[in-house]
Amino acid sequence: MSTVIHARGLSKRYGNSVALDHADFEIASGRIVGLIGPNGAGKTTALKAILGLTDFEGELDVLGLDPRKQRHELMQQVSFIADVAVLPRWLRVSEAVDFVEGVHPRFSRKRCQDFLARTKIKPTMRVRELSKGMVVQLHLALVMAIDAKLLVLDEPTLGLDIIYRKEFYQSLLEDYFDHERTILVTTHQVEEIERILTDLVFIKDGKITLSAPMEVVGERFTEVLVAPDRREQALALKPLNERQVFGKSVFLFDGPTRDQLAPLGEIHKPSVADIFVATMKNGGAA
Amino acid sequence: MNHIKMLLKREYWEHRGGFLWAPVWTAGFFLVVTLMGWIWAEFIGSGKFNGDVHIGVPLKSLMQKIPAEDIGKLGIGLDISLAGFWMVIQIVLFFVLFFYLIGALYDDRKDRSVLFWKSLPVSDLQTVLSKVLTAAFVAPLIAFVVTVAMNLGFLLLLSLVAGVHGINPLTVVWGPAEPLNLWAKMLVMVPVNALWALPAIGWLLLASSFARSKPFVWAVLVPVMIGVLITWVDMFQGFRVPDTWYWTHGVGRILGSLVPGSWVWARDMGSLVEFNDQGPVELLRWDVIGHTLVSLELWIGAVAGIAMIAGAVYYRRWREVAD
């Protein structure tokens, strides 16, 4: 498994505010990585740095290239969708296909047309005539027809209704992803991607607070439903978070094994959203 | 190279309205007016008054036999019409290009579609070059083709007028007029104008790539305000005549060079070009074109233009979306 992205001490400030503060992370090939963080945590800045859209300090290597100096070469192997509403409204569908085919050496017109054939999109339509869901389908068809090594998605389903959101991720998984490719995705809606992720990266105030494969996350984090009489015992194991449900305490632990926790009460697998909220509150779980 | 071809197509797709349809509609409008003038002269005007309808040439001279010595005059009149149509299209082209360039590196940052364009393996240099080539060559060449078509339409219409009145159009229209000669000059004017316009192309693209908002203000108001300031300061220094160098060679070049034939005004060509009723034909003279091409001003401006284009490439690379 080779490394696709390697970042050391990645920093970026806008005036007085720090968007990235010595962030370190590695992303291996063949993974689907969720970059999760609250608004303003530095997610988009990190993606922009990876795509060579913004300057930064520190060390960053994407597919062996420096995004600052080799953006043009990088873009032959990287695709990205920076939220869906970015296709120009005057563009015709056929022109979009012609253009991408004309400038991208790894674009397959046939693949793109196969995807489009499954939709109601006609080649003569302009983007402005398409519904928001259709624009997403078009953008996806264009991007999925590119044989890229890394696909970066920044809030790809923002503002879409639930049907298109589901379809979006389903297409990605079924028709696009394979173990040669890497997908890096940011989103607010953790719940909707947690099942497809292989790796999780949490970012807070420009710092990486967690970076681990899902299997490791599953082992590390455990949720236990504890009756009031065992509460002291639970607190002794230093839980990350406590919340009350029907008079019982739900504790989230980072570290203790299931064997250690089983005597305390009923054990659950926490959702990514729960882990996210707990680690954000506590300033880090790395 | 393939990329550039694709990028030029992209510019054409986006701006078909300005590059193709604006000159086509303008040409169509003038041809229709010409046709209306003839119809009026033919059916309504003829019985009612004794005057004549001029559409470049007096219509009457196409409707009746004229003395051989007047044929020469007719030729000059026809050439003025043909060159006048060229001028009209060039003025339309100026407005189209001015607003095209101001928006060229800004509009897609405004509507965020720059994020789509930048997701493709096209370098910023290629992108900016495609816009320069579009403004310098693609749009002017389309305008040239439309002008030729319009000229042909005009001459055919006049031939029809003559033919209807039993006059041989070869002797009164196609003989005296010199469309081929004029078209050759119009075509040569494309690269000459492009070279002359480089500082304007460069400046407008620089403003377009640099502005976080309101590129028009950056492009137009900023240089004008600086000029007002310079003039004002100059007036304090011993009440000299305000310095016009900045206006002629600064503001004039970065905003005005797109105006077709503006080099005639900017340069001291008073001795060469005399403006009379032949206006546009005077612009289309080989010696005037040649004189401009060897002028230092044209080449200094071109170098400044290229420097500003390089600046536009830099800002295209690093400026983020403008929303």
# chains A, B, ... in the order shown; residues from 1 in each chain; ligands from 1
>>> residues_around(residues="A:Lys43", least_positions_apart="3", cutoff="12 Å", atoms="only C-alpha atoms", output="ChimeraX atom specification")
/A:12,19-21,23,34-40,46-50,82,152-155,184-188,201-208
>>> write_last_selection(atoms="N, CA and C atoms", output="mmCIF file, in the first residue's frame")
data_model
loop_
_atom_site.group_PDB
_atom_site.id
_atom_site.type_symbol
_atom_site.label_atom_id
_atom_site.label_comp_id
_atom_site.auth_asym_id
_atom_site.auth_seq_id
_atom_site.Cartn_x
_atom_site.Cartn_y
_atom_site.Cartn_z
ATOM 1 N N LYS A 12 -1.272 27.099 7.554
ATOM 2 C CA LYS A 12 -1.781 28.161 6.689
ATOM 3 C C LYS A 12 -2.541 29.150 7.549
ATOM 4 N N ALA A 19 -5.763 28.709 9.904
ATOM 5 C CA ALA A 19 -6.633 27.712 9.281
ATOM 6 C C ALA A 19 -6.044 26.316 9.445
ATOM 7 N N LEU A 20 -4.725 26.215 9.331
ATOM 8 C CA LEU A 20 -4.056 24.928 9.532
ATOM 9 C C LEU A 20 -2.858 25.166 10.443
ATOM 10 N N ASP A 21 -2.746 24.342 11.475
ATOM 11 C CA ASP A 21 -1.728 24.581 12.478
ATOM 12 C C ASP A 21 -0.865 23.321 12.613
ATOM 13 N N ALA A 23 -0.434 20.646 10.832
ATOM 14 C CA ALA A 23 -1.181 19.393 10.696
ATOM 15 C C ALA A 23 -0.297 18.311 10.074
ATOM 16 N N GLY A 34 -12.556 9.894 5.323
ATOM 17 C CA GLY A 34 -13.441 10.992 5.680
ATOM 18 C C GLY A 34 -12.660 12.025 6.479
ATOM 19 N N LEU A 35 -12.656 13.250 5.997
ATOM 20 C CA LEU A 35 -12.013 14.348 6.743
ATOM 21 C C LEU A 35 -13.143 15.111 7.423
ATOM 22 N N ILE A 36 -13.217 14.948 8.742
ATOM 23 C CA ILE A 36 -14.381 15.456 9.455
ATOM 24 C C ILE A 36 -13.954 16.544 10.429
ATOM 25 N N GLY A 37 -14.709 17.618 10.465
ATOM 26 C CA GLY A 37 -14.387 18.692 11.395
ATOM 27 C C GLY A 37 -15.491 19.722 11.382
ATOM 28 N N PRO A 38 -15.585 20.519 12.462
ATOM 29 C CA PRO A 38 -16.621 21.555 12.489
ATOM 30 C C PRO A 38 -16.305 22.666 11.485
ATOM 31 N N ASN A 39 -17.264 23.560 11.270
ATOM 32 C CA ASN A 39 -17.026 24.687 10.366
ATOM 33 C C ASN A 39 -15.801 25.460 10.817
ATOM 34 N N GLY A 40 -14.976 25.826 9.865
ATOM 35 C CA GLY A 40 -13.815 26.638 10.193
ATOM 36 C C GLY A 40 -12.675 25.857 10.818
ATOM 37 N N ALA A 46 -7.316 22.502 3.981
ATOM 38 C CA ALA A 46 -6.467 21.326 3.769
ATOM 39 C C ALA A 46 -6.671 20.788 2.350
ATOM 40 N N LEU A 47 -7.924 20.699 1.923
ATOM 41 C CA LEU A 47 -8.189 20.206 0.572
ATOM 42 C C LEU A 47 -7.590 21.133 -0.487
ATOM 43 N N LYS A 48 -7.758 22.445 -0.262
ATOM 44 C CA LYS A 48 -7.207 23.404 -1.227
ATOM 45 C C LYS A 48 -5.696 23.268 -1.326
ATOM 46 N N ALA A 49 -5.045 23.034 -0.183
ATOM 47 C CA ALA A 49 -3.593 22.855 -0.196
ATOM 48 C C ALA A 49 -3.241 21.608 -1.002
ATOM 49 N N ILE A 50 -3.996 20.529 -0.775
ATOM 50 C CA ILE A 50 -3.733 19.263 -1.482
ATOM 51 C C ILE A 50 -3.912 19.447 -2.988
ATOM 52 N N ALA A 82 -15.719 20.225 -5.903
ATOM 53 C CA ALA A 82 -15.759 21.164 -4.792
ATOM 54 C C ALA A 82 -17.186 21.674 -4.689
ATOM 55 N N VAL A 152 -11.035 13.917 -4.799
ATOM 56 C CA VAL A 152 -11.262 14.750 -3.629
ATOM 57 C C VAL A 152 -12.676 15.318 -3.707
ATOM 58 N N LEU A 153 -13.444 15.145 -2.659
ATOM 59 C CA LEU A 153 -14.821 15.637 -2.637
ATOM 60 C C LEU A 153 -14.999 16.561 -1.444
ATOM 61 N N ASP A 154 -15.356 17.811 -1.707
ATOM 62 C CA ASP A 154 -15.549 18.771 -0.625
ATOM 63 C C ASP A 154 -17.041 19.036 -0.476
ATOM 64 N N GLU A 155 -17.621 18.531 0.571
ATOM 65 C CA GLU A 155 -19.055 18.708 0.807
ATOM 66 C C GLU A 155 -19.845 18.416 -0.467
ATOM 67 N N LEU A 184 -10.995 11.040 -0.954
ATOM 68 C CA LEU A 184 -10.917 11.867 0.248
ATOM 69 C C LEU A 184 -12.166 12.740 0.257
ATOM 70 N N VAL A 185 -12.940 12.636 1.325
ATOM 71 C CA VAL A 185 -14.218 13.341 1.314
ATOM 72 C C VAL A 185 -14.425 14.115 2.616
ATOM 73 N N THR A 186 -14.907 15.348 2.488
ATOM 74 C CA THR A 186 -15.299 16.085 3.686
ATOM 75 C C THR A 186 -16.813 16.231 3.666
ATOM 76 N N THR A 187 -17.396 16.228 4.823
ATOM 77 C CA THR A 187 -18.845 16.446 4.885
ATOM 78 C C THR A 187 -19.246 16.819 6.299
ATOM 79 N N HIS A 188 -20.409 17.463 6.398
ATOM 80 C CA HIS A 188 -21.012 17.706 7.700
ATOM 81 C C HIS A 188 -21.794 16.483 8.135
ATOM 82 N N VAL A 201 -10.338 10.855 9.609
ATOM 83 C CA VAL A 201 -9.424 11.906 10.069
ATOM 84 C C VAL A 201 -10.278 13.018 10.664
ATOM 85 N N PHE A 202 -10.031 13.349 11.939
ATOM 86 C CA PHE A 202 -10.735 14.464 12.568
ATOM 87 C C PHE A 202 -9.813 15.667 12.578
ATOM 88 N N ILE A 203 -10.400 16.817 12.313
ATOM 89 C CA ILE A 203 -9.603 18.037 12.333
ATOM 90 C C ILE A 203 -10.318 19.070 13.187
ATOM 91 N N LYS A 204 -9.551 19.755 14.034
ATOM 92 C CA LYS A 204 -10.131 20.775 14.906
ATOM 93 C C LYS A 204 -9.124 21.904 15.073
ATOM 94 N N ASP A 205 -9.565 23.118 14.885
ATOM 95 C CA ASP A 205 -8.703 24.298 14.981
ATOM 96 C C ASP A 205 -7.395 24.121 14.207
ATOM 97 N N GLY A 206 -7.496 23.551 13.049
ATOM 98 C CA GLY A 206 -6.327 23.403 12.201
ATOM 99 C C GLY A 206 -5.396 22.275 12.588
ATOM 100 N N LYS A 207 -5.774 21.515 13.612
ATOM 101 C CA LYS A 207 -4.915 20.390 14.014
ATOM 102 C C LYS A 207 -5.644 19.074 13.781
ATOM 103 N N ILE A 208 -4.869 18.026 13.478
ATOM 104 C CA ILE A 208 -5.456 16.705 13.307
ATOM 105 C C ILE A 208 -5.619 16.099 14.705
#
>>> closest_atom_pairs(of="chain A", to="chain B", cutoff="10 Å", atoms="only C-alpha atoms", output="Markdown table")
| residue | atom | partner | partner_atom | distance |
| --- | --- | --- | --- | --- |
| A:Lys48 | CA | B:Glu320 | CA | 9.8 |
| A:Leu51 | CA | B:Ser119 | CA | 8.3 |
| A:Gly52 | CA | B:Trp318 | CA | 9.0 |
| A:Leu53 | CA | B:Trp318 | CA | 6.7 |
| A:Thr54 | CA | B:Trp318 | CA | 6.3 |
| A:Asp55 | CA | B:Trp318 | CA | 7.5 |
| A:Arg68 | CA | B:Arg317 | CA | 9.6 |
| A:Gln70 | CA | B:Ser123 | CA | 9.7 |
| A:Arg71 | CA | B:Ser123 | CA | 7.8 |
| A:His72 | CA | B:Pro121 | CA | 5.3 |
| A:Glu73 | CA | B:Pro121 | CA | 6.9 |
| A:Leu74 | CA | B:Pro121 | CA | 7.6 |
| A:Met75 | CA | B:Pro121 | CA | 4.6 |
| A:Gln76 | CA | B:Pro121 | CA | 5.3 |
| A:Gln77 | CA | B:Pro121 | CA | 8.6 |
| A:Val78 | CA | B:Ser119 | CA | 7.9 |
| A:Ser79 | CA | B:Ser119 | CA | 6.0 |
| A:Phe80 | CA | B:Ser119 | CA | 5.8 |
| A:Ile81 | CA | B:Phe116 | CA | 7.3 |
| A:Ala82 | CA | B:Leu115 | CA | 6.5 |
| A:Asp83 | CA | B:Leu115 | CA | 9.1 |
| A:Val84 | CA | B:Phe116 | CA | 9.3 |
| A:Ala85 | CA | B:Arg112 | CA | 7.9 |
| A:Val86 | CA | B:Ser113 | CA | 4.3 |
| A:Leu87 | CA | B:Ser113 | CA | 5.3 |
| A:Pro88 | CA | B:Ser113 | CA | 5.2 |
| A:Arg89 | CA | B:Ser113 | CA | 8.6 |
| A:Trp90 | CA | B:Glu14 | CA | 6.5 |
| A:Leu91 | CA | B:Glu14 | CA | 7.2 |
| A:Arg92 | CA | B:Trp13 | CA | 8.8 |
| A:Glu95 | CA | B:Arg10 | CA | 8.0 |
| A:Ala96 | CA | B:Arg10 | CA | 9.1 |
| A:Asp98 | CA | B:Met6 | CA | 8.4 |
| A:Phe99 | CA | B:Met6 | CA | 6.3 |
| A:Val100 | CA | B:Leu120 | CA | 7.4 |
| A:Glu101 | CA | B:Met6 | CA | 9.4 |
| A:Gly102 | CA | B:Met6 | CA | 6.0 |
| A:Val103 | CA | B:His3 | CA | 5.5 |
| A:His104 | CA | B:Pro121 | CA | 6.3 |
| A:Pro105 | CA | B:Pro121 | CA | 8.7 |
| A:His139 | CA | B:Phe116 | CA | 9.1 |
| A:Val143 | CA | B:Ser119 | CA | 9.5 |
| A:Val152 | CA | B:Ser119 | CA | 9.8 |
>>> write_last_selection(atoms="N, CA and C atoms", output="short mmCIF file (atom, residue, chain, number, x, y, z; two decimals), in the first residue's frame")
data_model
loop_
_atom_site.label_atom_id
_atom_site.label_comp_id
_atom_site.auth_asym_id
_atom_site.auth_seq_id
_atom_site.Cartn_x
_atom_site.Cartn_y
_atom_site.Cartn_z
N LYS A 48 -7.76 22.45 -0.26
CA LYS A 48 -7.21 23.40 -1.23
C LYS A 48 -5.70 23.27 -1.33
N LEU A 51 -4.88 20.26 -3.38
CA LEU A 51 -5.18 20.46 -4.80
C LEU A 51 -4.34 21.58 -5.43
N GLY A 52 -3.47 22.17 -4.62
CA GLY A 52 -2.63 23.24 -5.16
C GLY A 52 -3.39 24.52 -5.45
N LEU A 53 -4.50 24.72 -4.75
CA LEU A 53 -5.30 25.93 -4.98
C LEU A 53 -4.92 27.03 -4.01
N THR A 54 -4.12 26.71 -3.02
CA THR A 54 -3.72 27.75 -2.08
C THR A 54 -2.28 27.49 -1.65
N ASP A 55 -1.61 28.56 -1.27
CA ASP A 55 -0.23 28.44 -0.78
C ASP A 55 -0.26 28.01 0.68
N ARG A 68 2.14 22.90 -5.04
CA ARG A 68 2.39 24.31 -5.31
C ARG A 68 3.05 24.50 -6.67
N GLN A 70 3.63 21.78 -9.03
CA GLN A 70 3.31 20.82 -10.10
C GLN A 70 1.81 20.58 -10.22
N ARG A 71 1.04 21.64 -10.01
CA ARG A 71 -0.40 21.49 -10.03
C ARG A 71 -0.91 20.91 -11.35
N HIS A 72 -0.31 21.39 -12.43
CA HIS A 72 -0.74 20.98 -13.75
C HIS A 72 -0.58 19.45 -13.93
N GLU A 73 0.57 18.91 -13.51
CA GLU A 73 0.81 17.46 -13.61
C GLU A 73 -0.11 16.72 -12.65
N LEU A 74 -0.26 17.31 -11.48
CA LEU A 74 -1.07 16.67 -10.44
C LEU A 74 -2.51 16.47 -10.93
N MET A 75 -3.02 17.47 -11.63
CA MET A 75 -4.43 17.41 -12.03
C MET A 75 -4.70 16.34 -13.08
N GLN A 76 -3.64 15.74 -13.65
CA GLN A 76 -3.87 14.62 -14.56
C GLN A 76 -4.27 13.37 -13.79
N GLN A 77 -3.92 13.34 -12.50
CA GLN A 77 -4.18 12.13 -11.72
C GLN A 77 -5.17 12.35 -10.59
N VAL A 78 -5.55 13.61 -10.39
CA VAL A 78 -6.46 13.93 -9.30
C VAL A 78 -7.72 14.55 -9.89
N SER A 79 -8.88 14.13 -9.38
CA SER A 79 -10.12 14.79 -9.76
C SER A 79 -10.71 15.40 -8.51
N PHE A 80 -11.48 16.45 -8.67
CA PHE A 80 -12.18 16.91 -7.48
C PHE A 80 -13.53 17.53 -7.79
N ILE A 81 -14.40 17.39 -6.82
CA ILE A 81 -15.70 18.05 -6.90
C ILE A 81 -15.78 18.93 -5.67
N ALA A 82 -15.72 20.22 -5.90
CA ALA A 82 -15.76 21.16 -4.79
C ALA A 82 -17.19 21.67 -4.69
N ASP A 83 -17.99 21.01 -4.03
CA ASP A 83 -19.44 21.15 -3.98
C ASP A 83 -20.01 21.22 -5.39
N VAL A 84 -21.27 20.89 -5.49
CA VAL A 84 -21.77 20.55 -6.82
C VAL A 84 -22.18 21.73 -7.67
N ALA A 85 -22.36 22.90 -7.04
CA ALA A 85 -22.94 24.00 -7.81
C ALA A 85 -21.89 24.78 -8.59
N VAL A 86 -20.84 24.11 -9.05
CA VAL A 86 -19.78 24.87 -9.70
C VAL A 86 -19.71 24.68 -11.22
N LEU A 87 -20.57 23.90 -11.80
CA LEU A 87 -20.56 23.81 -13.26
C LEU A 87 -21.13 25.11 -13.81
N PRO A 88 -20.44 25.73 -14.77
CA PRO A 88 -20.92 27.01 -15.28
C PRO A 88 -22.28 26.86 -15.95
N ARG A 89 -23.14 27.82 -15.69
CA ARG A 89 -24.54 27.69 -16.10
C ARG A 89 -24.73 27.77 -17.61
N TRP A 90 -23.79 28.41 -18.31
CA TRP A 90 -23.96 28.55 -19.76
C TRP A 90 -23.55 27.31 -20.53
N LEU A 91 -22.86 26.40 -19.85
CA LEU A 91 -22.26 25.25 -20.54
C LEU A 91 -23.31 24.23 -20.97
N ARG A 92 -23.19 23.72 -22.19
CA ARG A 92 -24.04 22.63 -22.64
C ARG A 92 -23.41 21.31 -22.22
N GLU A 95 -20.95 20.10 -24.67
CA GLU A 95 -19.72 20.89 -24.63
C GLU A 95 -18.86 20.48 -23.43
N ALA A 96 -19.52 20.22 -22.31
CA ALA A 96 -18.78 19.79 -21.13
C ALA A 96 -18.03 18.50 -21.42
N ASP A 98 -17.18 17.29 -24.43
CA ASP A 98 -16.12 17.58 -25.41
C ASP A 98 -14.91 18.22 -24.75
N PHE A 99 -15.19 19.16 -23.86
CA PHE A 99 -14.09 19.90 -23.24
C PHE A 99 -13.22 18.99 -22.38
N VAL A 100 -13.87 18.22 -21.51
CA VAL A 100 -13.09 17.35 -20.62
C VAL A 100 -12.32 16.32 -21.45
N GLU A 101 -12.96 15.82 -22.49
CA GLU A 101 -12.27 14.87 -23.37
C GLU A 101 -11.06 15.54 -24.03
N GLY A 102 -11.24 16.80 -24.40
CA GLY A 102 -10.17 17.51 -25.09
C GLY A 102 -8.96 17.81 -24.23
N VAL A 103 -9.18 18.03 -22.93
CA VAL A 103 -8.04 18.43 -22.09
C VAL A 103 -7.56 17.33 -21.15
N HIS A 104 -8.35 16.26 -20.98
CA HIS A 104 -7.95 15.26 -20.00
C HIS A 104 -7.53 13.96 -20.66
N PRO A 105 -6.26 13.58 -20.52
CA PRO A 105 -5.80 12.36 -21.19
C PRO A 105 -6.42 11.08 -20.62
N HIS A 139 -21.96 16.17 -13.15
CA HIS A 139 -20.62 16.35 -12.61
C HIS A 139 -20.00 14.99 -12.26
N VAL A 143 -16.65 13.22 -13.78
CA VAL A 143 -15.53 12.89 -12.90
C VAL A 143 -15.29 11.38 -12.88
N VAL A 152 -11.04 13.92 -4.80
CA VAL A 152 -11.26 14.75 -3.63
C VAL A 152 -12.68 15.32 -3.71
#
>>> atom_distance(atom1="atom CA of B:Trp174", atom2="atom CA of B:Leu78")
9.6 Å
>>> residues_around(residues="stretch 287-303 of chain B", least_positions_apart="3", cutoff="6 Å", atoms="only C-alpha atoms", output="number ranges by chain")
B: 195-196, 198-199, 306
>>> atom_distance(atom1="atom CA of B:Phe85", atom2="atom CA of B:Val172")
19.5 Å
>>> residues_around(residues="B:Val57", least_positions_apart="3", cutoff="12 Å", atoms="only C-alpha atoms", output="NGL selection string")
:B and (34 or 37-38 or 52-54 or 60-63 or 70-82 or 154-155 or 158 or 161 or 172-173 or 176-177)
>>> write_last_selection(atoms="N, CA and C atoms", output="mmCIF file, in the first residue's frame")
data_model
loop_
_atom_site.group_PDB
_atom_site.id
_atom_site.type_symbol
_atom_site.label_atom_id
_atom_site.label_comp_id
_atom_site.auth_asym_id
_atom_site.auth_seq_id
_atom_site.Cartn_x
_atom_site.Cartn_y
_atom_site.Cartn_z
ATOM 1 N N THR B 34 -30.263 49.747 -45.412
ATOM 2 C CA THR B 34 -29.926 50.024 -46.809
ATOM 3 C C THR B 34 -31.078 49.622 -47.738
ATOM 4 N N GLY B 37 -33.897 51.975 -47.470
ATOM 5 C CA GLY B 37 -33.610 53.216 -48.193
ATOM 6 C C GLY B 37 -33.919 53.059 -49.678
ATOM 7 N N TRP B 38 -33.521 51.922 -50.210
ATOM 8 C CA TRP B 38 -33.775 51.684 -51.643
ATOM 9 C C TRP B 38 -35.276 51.597 -51.902
ATOM 10 N N ASP B 52 -32.353 62.778 -53.432
ATOM 11 C CA ASP B 52 -31.794 61.463 -53.696
ATOM 12 C C ASP B 52 -31.545 60.766 -52.360
ATOM 13 N N VAL B 53 -31.474 59.456 -52.425
ATOM 14 C CA VAL B 53 -31.154 58.703 -51.229
ATOM 15 C C VAL B 53 -29.694 58.289 -51.304
ATOM 16 N N HIS B 54 -28.961 58.601 -50.275
ATOM 17 C CA HIS B 54 -27.552 58.199 -50.214
ATOM 18 C C HIS B 54 -27.401 56.939 -49.373
ATOM 19 N N LYS B 60 -29.269 57.409 -57.122
ATOM 20 C CA LYS B 60 -29.626 57.756 -58.501
ATOM 21 C C LYS B 60 -28.538 57.385 -59.486
ATOM 22 N N SER B 61 -27.279 57.447 -58.984
ATOM 23 C CA SER B 61 -26.195 57.131 -59.913
ATOM 24 C C SER B 61 -26.169 55.659 -60.284
ATOM 25 N N LEU B 62 -26.930 54.849 -59.550
ATOM 26 C CA LEU B 62 -27.034 53.444 -59.931
ATOM 27 C C LEU B 62 -28.279 53.186 -60.766
ATOM 28 N N MET B 63 -29.166 54.201 -60.799
ATOM 29 C CA MET B 63 -30.443 53.982 -61.456
ATOM 30 C C MET B 63 -30.481 54.568 -62.862
ATOM 31 N N ASP B 70 -17.612 60.156 -63.858
ATOM 32 C CA ASP B 70 -18.197 60.038 -62.518
ATOM 33 C C ASP B 70 -18.009 58.647 -61.912
ATOM 34 N N ILE B 71 -17.628 57.687 -62.752
ATOM 35 C CA ILE B 71 -17.455 56.312 -62.259
ATOM 36 C C ILE B 71 -16.383 56.267 -61.175
ATOM 37 N N GLY B 72 -15.308 57.019 -61.366
ATOM 38 C CA GLY B 72 -14.219 57.068 -60.384
ATOM 39 C C GLY B 72 -14.728 57.514 -59.020
ATOM 40 N N LYS B 73 -15.519 58.602 -59.043
ATOM 41 C CA LYS B 73 -16.105 59.133 -57.797
ATOM 42 C C LYS B 73 -16.973 58.076 -57.127
ATOM 43 N N LEU B 74 -17.700 57.375 -57.974
ATOM 44 C CA LEU B 74 -18.576 56.320 -57.467
ATOM 45 C C LEU B 74 -17.763 55.284 -56.714
ATOM 46 N N GLY B 75 -16.603 54.942 -57.278
ATOM 47 C CA GLY B 75 -15.727 53.955 -56.646
ATOM 48 C C GLY B 75 -15.297 54.406 -55.261
ATOM 49 N N ILE B 76 -14.903 55.668 -55.140
ATOM 50 C CA ILE B 76 -14.478 56.189 -53.836
ATOM 51 C C ILE B 76 -15.628 56.104 -52.838
ATOM 52 N N GLY B 77 -16.816 56.496 -53.326
ATOM 53 C CA GLY B 77 -17.993 56.442 -52.449
ATOM 54 C C GLY B 77 -18.271 55.030 -51.965
ATOM 55 N N LEU B 78 -18.166 54.076 -52.873
ATOM 56 C CA LEU B 78 -18.420 52.680 -52.493
ATOM 57 C C LEU B 78 -17.395 52.212 -51.454
ATOM 58 N N ASP B 79 -16.138 52.578 -51.667
ATOM 59 C CA ASP B 79 -15.097 52.166 -50.724
ATOM 60 C C ASP B 79 -15.334 52.768 -49.341
ATOM 61 N N ILE B 80 -15.803 54.025 -49.317
ATOM 62 C CA ILE B 80 -16.097 54.646 -48.024
ATOM 63 C C ILE B 80 -17.198 53.866 -47.306
ATOM 64 N N SER B 81 -18.198 53.443 -48.066
ATOM 65 C CA SER B 81 -19.273 52.653 -47.449
ATOM 66 C C SER B 81 -18.734 51.353 -46.886
ATOM 67 N N LEU B 82 -17.933 50.663 -47.690
ATOM 68 C CA LEU B 82 -17.416 49.359 -47.261
ATOM 69 C C LEU B 82 -16.552 49.519 -46.020
ATOM 70 N N PHE B 154 -23.910 44.081 -49.229
ATOM 71 C CA PHE B 154 -24.151 45.467 -49.625
ATOM 72 C C PHE B 154 -23.940 45.639 -51.127
ATOM 73 N N LEU B 155 -22.836 45.085 -51.628
ATOM 74 C CA LEU B 155 -22.549 45.220 -53.058
ATOM 75 C C LEU B 155 -23.589 44.478 -53.894
ATOM 76 N N LEU B 158 -26.669 46.630 -54.064
ATOM 77 C CA LEU B 158 -26.509 47.726 -55.018
ATOM 78 C C LEU B 158 -26.561 47.207 -56.457
ATOM 79 N N VAL B 161 -30.032 46.939 -57.367
ATOM 80 C CA VAL B 161 -30.597 48.255 -57.677
ATOM 81 C C VAL B 161 -30.271 48.622 -59.122
ATOM 82 N N VAL B 172 -20.881 49.765 -62.705
ATOM 83 C CA VAL B 172 -21.100 50.794 -61.686
ATOM 84 C C VAL B 172 -20.795 50.294 -60.272
ATOM 85 N N VAL B 173 -20.790 48.991 -60.035
ATOM 86 C CA VAL B 173 -20.533 48.511 -58.677
ATOM 87 C C VAL B 173 -19.221 47.741 -58.599
ATOM 88 N N PRO B 176 -15.822 49.774 -60.178
ATOM 89 C CA PRO B 176 -15.203 50.870 -59.418
ATOM 90 C C PRO B 176 -14.829 50.518 -57.970
ATOM 91 N N ALA B 177 -15.603 49.694 -57.313
ATOM 92 C CA ALA B 177 -15.288 49.398 -55.907
ATOM 93 C C ALA B 177 -14.064 48.490 -55.831
#
>>> closest_residue(among="B:Met87, B:Leu129, B:Val313, B:Val146", to="B:Ala22", atoms="only C-alpha atoms")
B:Val146
>>> select_by_dssp(residues="stretch 128-205 of chain A", states="strand (DSSP E)", output="list in words")
Leu150, Leu151, Val152, Leu153, Asp154, Thr182, Ile183, Leu184, Val185, Thr186, Asp199, Leu200, Val201, Phe202, Ile203 and Lys204 of chain A
>>> atom_distance(atom1="atom CA of B:Val224", atom2="atom CA of B:Gly252")
9.9 Å
>>> closest_residue(among="B:Met150, B:Leu35, B:Leu8, B:Leu59", to="B:Ala162", atoms="only C-alpha atoms")
B:Leu59
>>> residues_around(residues="stretch 99-103 of chain B", least_positions_apart="2", cutoff="10 Å", atoms="only C-alpha atoms", output="ChimeraX atom specification")
/B:11,15,18-19,94-97,105-110,131-132,134-135,200-209,211,214-220
>>> select_by_dssp(residues="stretch 160-193 of chain B", states="alpha helix (DSSP H)", output="list of chain:residue names")
B:Leu160, B:Val161, B:Ala162, B:Gly163, B:Val164, B:Pro169, B:Pro179, B:Leu180, B:Asn181, B:Leu182, B:Trp183, B:Ala184, B:Lys185, B:Met186, B:Leu187, B:Val188, B:Met189, B:Val190, B:Pro191, B:Val192, B:Asn193
>>> residues_around(residues="A:Val136", least_positions_apart="3", cutoff="9 Å", atoms="only C-alpha atoms", output="NGL selection string")
:A and (84-85 or 131-133 or 139-141 or 156-157 or 160 or 164 or 168)
>>> write_last_selection(atoms="C-alpha atoms", output="compact mmCIF listing (two decimals), in the first residue's frame")
# COMPACT_ATOMS: atom_id res chain seq x y z
CA VAL A 84 -21.77 20.55 -6.82
CA ALA A 85 -22.94 24.00 -7.81
CA SER A 131 -32.19 20.56 -11.73
CA LYS A 132 -29.70 20.55 -8.91
CA GLY A 133 -29.83 16.77 -8.78
CA HIS A 139 -20.62 16.35 -12.61
CA LEU A 140 -20.34 12.80 -11.32
CA ALA A 141 -20.53 11.37 -14.84
CA PRO A 156 -20.23 17.03 -2.38
CA THR A 157 -23.85 16.64 -1.38
CA LEU A 160 -29.08 18.05 -2.19
CA TYR A 164 -29.62 12.29 -4.64
CA PHE A 168 -24.30 9.98 -5.11
>>> residues_around(residues="A:Ile5", least_positions_apart="4", cutoff="6 Å", atoms="only C-alpha atoms", output="ChimeraX atom specification")
/A:26-27,61-62
